[in-house]
Structures are given as C-alpha cells and as structure tokens.
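Trainee: Quick one: structure below, then a few questions.
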Amino acid sequence: MAWFFVEIRYVQEKFGEVRPRHREFLTKLADDGVVAVAGPLTDGTGGVTLYQAEDETALLDIINQDPYYLEGAVAERTIRGFNPVIGAWVPA
C-alpha cells in the first residue's frame with residue numbers, strides 16, 4: 001500500500017452546500033482505513049487529506065467518487081506520493 005497527500009482548492013460558491021456529503025464520504029473512508037486524516041485549511045480555500053491506496057490509479061478511483069469532485073466543488077486538485085517515517089501511527 002502507498003500513501004498519498006491530496007490537496008484540493010474549493011470552488012467557493014459550491015463547496016459549502018456539498019460539504020455534508022463530502023464529510024460523510026471521508027468518514028466512511030476513515031472507518032475503512034483508507035483516510036488517515038482530513039480537514040480544511042484554516043484560510044478557507046481548500047483542504048488536505050492523507051489517503052492509503054494500492055497505487056495512484058486506485059487512489060483516483062477513490063477520490064473521483066468524492067461528492068466535492070462529482071458536484072463541481074473542486075477547482076484544483078494536487079496529488080503527491082507520501083512516505084511516512086515518523087509518527088504515532090507509523091508502524092515501527
């Protein structure tokens with residue numbers, strides 16, 4: 001499994017209405033162990049999520065189902081591979 005850091009920038013006029021469905025989507029993924037942490041940026045422009053998936057193709061299959069993406073609330077999305085080496089939830 002690989003880790004991916006995903007940052008999105010909101011379409012300001014749309015994200016508020018879609019937020020409850022987006023959070024429900026991420027909560028299910030967190031319950032399934034796919035999302036490690038997620039939340040909005042403090043400046044209100046977007047959010048970040050740390051996902052675990054087999055590869056980037058599998059990640060895209062997942063994040064393309066996000067209501068923010070499906071309902072046009074994502075202005076920009078950046079995906080970066082991530083290699084966690086230190087932290088309370090990183091296996092020793």
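Just so we're on the same page: first chain in the structure tokens is A, next is B, and so on; residues restart at 1 for each chain, and ligands are numbered from 1 in the order they show up.
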Within 12 Å of Ile63 of chain A, counting only C-alpha atoms, which residues qualify if same-chain residues fewer than 4 places away don't, as a VMD selection string?
Mentor: chain A and resid 4 to 8 22 25 to 26 29 34 to 35 49 to 53 56 to 59 67 to 70 74 77 to 79
Trainee: Print the selection's residues with C-alpha atoms to a file, as a PDB file, in the first residue's frame.
Mentor:
```pdb
ATOM      1  CA  PHE A   4      -0.917   9.923  -0.936  1.00  0.00           C
ATOM      2  CA  PHE A   5      -1.299  13.514   0.192  1.00  0.00           C
ATOM      3  CA  VAL A   6      -4.168  15.193  -1.690  1.00  0.00           C
ATOM      4  CA  GLU A   7      -4.824  18.929  -1.549  1.00  0.00           C
ATOM      5  CA  ILE A   8      -7.903  20.487  -3.080  1.00  0.00           C
ATOM      6  CA  HIS A  22     -18.120  15.181   1.327  1.00  0.00           C
ATOM      7  CA  PHE A  25     -17.772  10.179   2.191  1.00  0.00           C
ATOM      8  CA  LEU A  26     -14.479  10.804   4.026  1.00  0.00           C
ATOM      9  CA  LEU A  29     -13.177   6.011   4.098  1.00  0.00           C
ATOM     10  CA  VAL A  34      -8.311   4.480   3.657  1.00  0.00           C
ATOM     11  CA  VAL A  35      -8.177   8.019   5.100  1.00  0.00           C
ATOM     12  CA  THR A  49      -6.407  14.517   3.060  1.00  0.00           C
ATOM     13  CA  LEU A  50      -3.930  11.704   3.611  1.00  0.00           C
ATOM     14  CA  TYR A  51      -5.079   8.535   1.824  1.00  0.00           C
ATOM     15  CA  GLN A  52      -3.740   4.989   1.635  1.00  0.00           C
ATOM     16  CA  ALA A  53      -4.277   3.085  -1.634  1.00  0.00           C
ATOM     17  CA  GLU A  56      -2.265   6.219  -7.844  1.00  0.00           C
ATOM     18  CA  THR A  57      -4.757   4.580 -10.195  1.00  0.00           C
ATOM     19  CA  ALA A  58      -6.604   3.067  -7.226  1.00  0.00           C
ATOM     20  CA  LEU A  59      -6.442   6.421  -5.445  1.00  0.00           C
ATOM     21  CA  PRO A  67     -19.039  14.479  -3.780  1.00  0.00           C
ATOM     22  CA  TYR A  68     -16.854  17.601  -3.936  1.00  0.00           C
ATOM     23  CA  TYR A  69     -15.380  16.279  -7.190  1.00  0.00           C
ATOM     24  CA  LEU A  70     -18.623  14.859  -8.589  1.00  0.00           C
ATOM     25  CA  VAL A  74     -13.116  21.214  -6.681  1.00  0.00           C
ATOM     26  CA  ARG A  77      -6.565  19.014  -7.017  1.00  0.00           C
ATOM     27  CA  THR A  78      -2.936  18.110  -6.315  1.00  0.00           C
ATOM     28  CA  ILE A  79      -1.831  14.536  -5.620  1.00  0.00           C
TER      29      ILE A  79
END
```
Trainee: So that I can check the secondary structure, give me every residue of chain A assigned strand (DSSP E) by backbone DSSP, as a VMD selection string.
Mentor: chain A and resid 2 to 10 35 to 40 46 to 53 74 to 82
Trainee: Compare A:Gly47, A:Glu71, A:Ile62, A:Val90 by their minimum atom-to-atom distance to Tyr10 of chain A, counting only C-alpha atoms, and give me the closest one.
Mentor: A:Gly47
Trainee: Would you work out the distance separating atom CA of Ala75 of chain A from atom CA of Glu17 of chain A, expressed in Å to one decimal?
Mentor: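 Interatomic distance, atom CA of Ala75 of chain A to atom CA of Glu17 of chain A: 15.0 Å.
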Trainee: Can you check which residues of segment 37-83 of chain A DSSP gives as helix (DSSP H, G or I) on the backbone and send them as number ranges by chain?
Mentor: A: 56-63, 67-70
Trainee: Go ahead and compute the interatomic distance for atom CA of Gly46 of chain A and atom CA of Arg23 of chain A, in Å to one decimal.
Mentor: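 Atom-to-atom, atom CA of Gly46 of chain A to atom CA of Arg23 of chain A, that is 13.4 Å.
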Trainee: For Val11 of chain A, which residue out of A:Ala73, A:Leu60, A:Ala88, A:Ala38 is the nearest one, using only C-alpha atoms?
Mentor: A:Ala73
Trainee: Measuring between only C-alpha atoms, which one of A:Asp66, A:Phe82, A:Pro91, A:Gly72 shows the shortest distance to Glu24 of chain A?
Mentor: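 Among the listed residues, A:Asp66 lies closest to Glu24 of chain A.
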Trainee: Of the candidates A:Ala36, A:Thr27, A:Arg19, A:Asp43, which shows the shortest atom-to-atom distance to Gly87 of chain A, using only C-alpha atoms?
Mentor: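 The closest residue to Gly87 of chain A is A:Ala36.
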Trainee: Counting only C-alpha atoms, which of A:Gly33, A:Pro20, A:Pro84, A:Gly44 gets nearest to Trp3 of chain A?
Mentor: A:Pro84
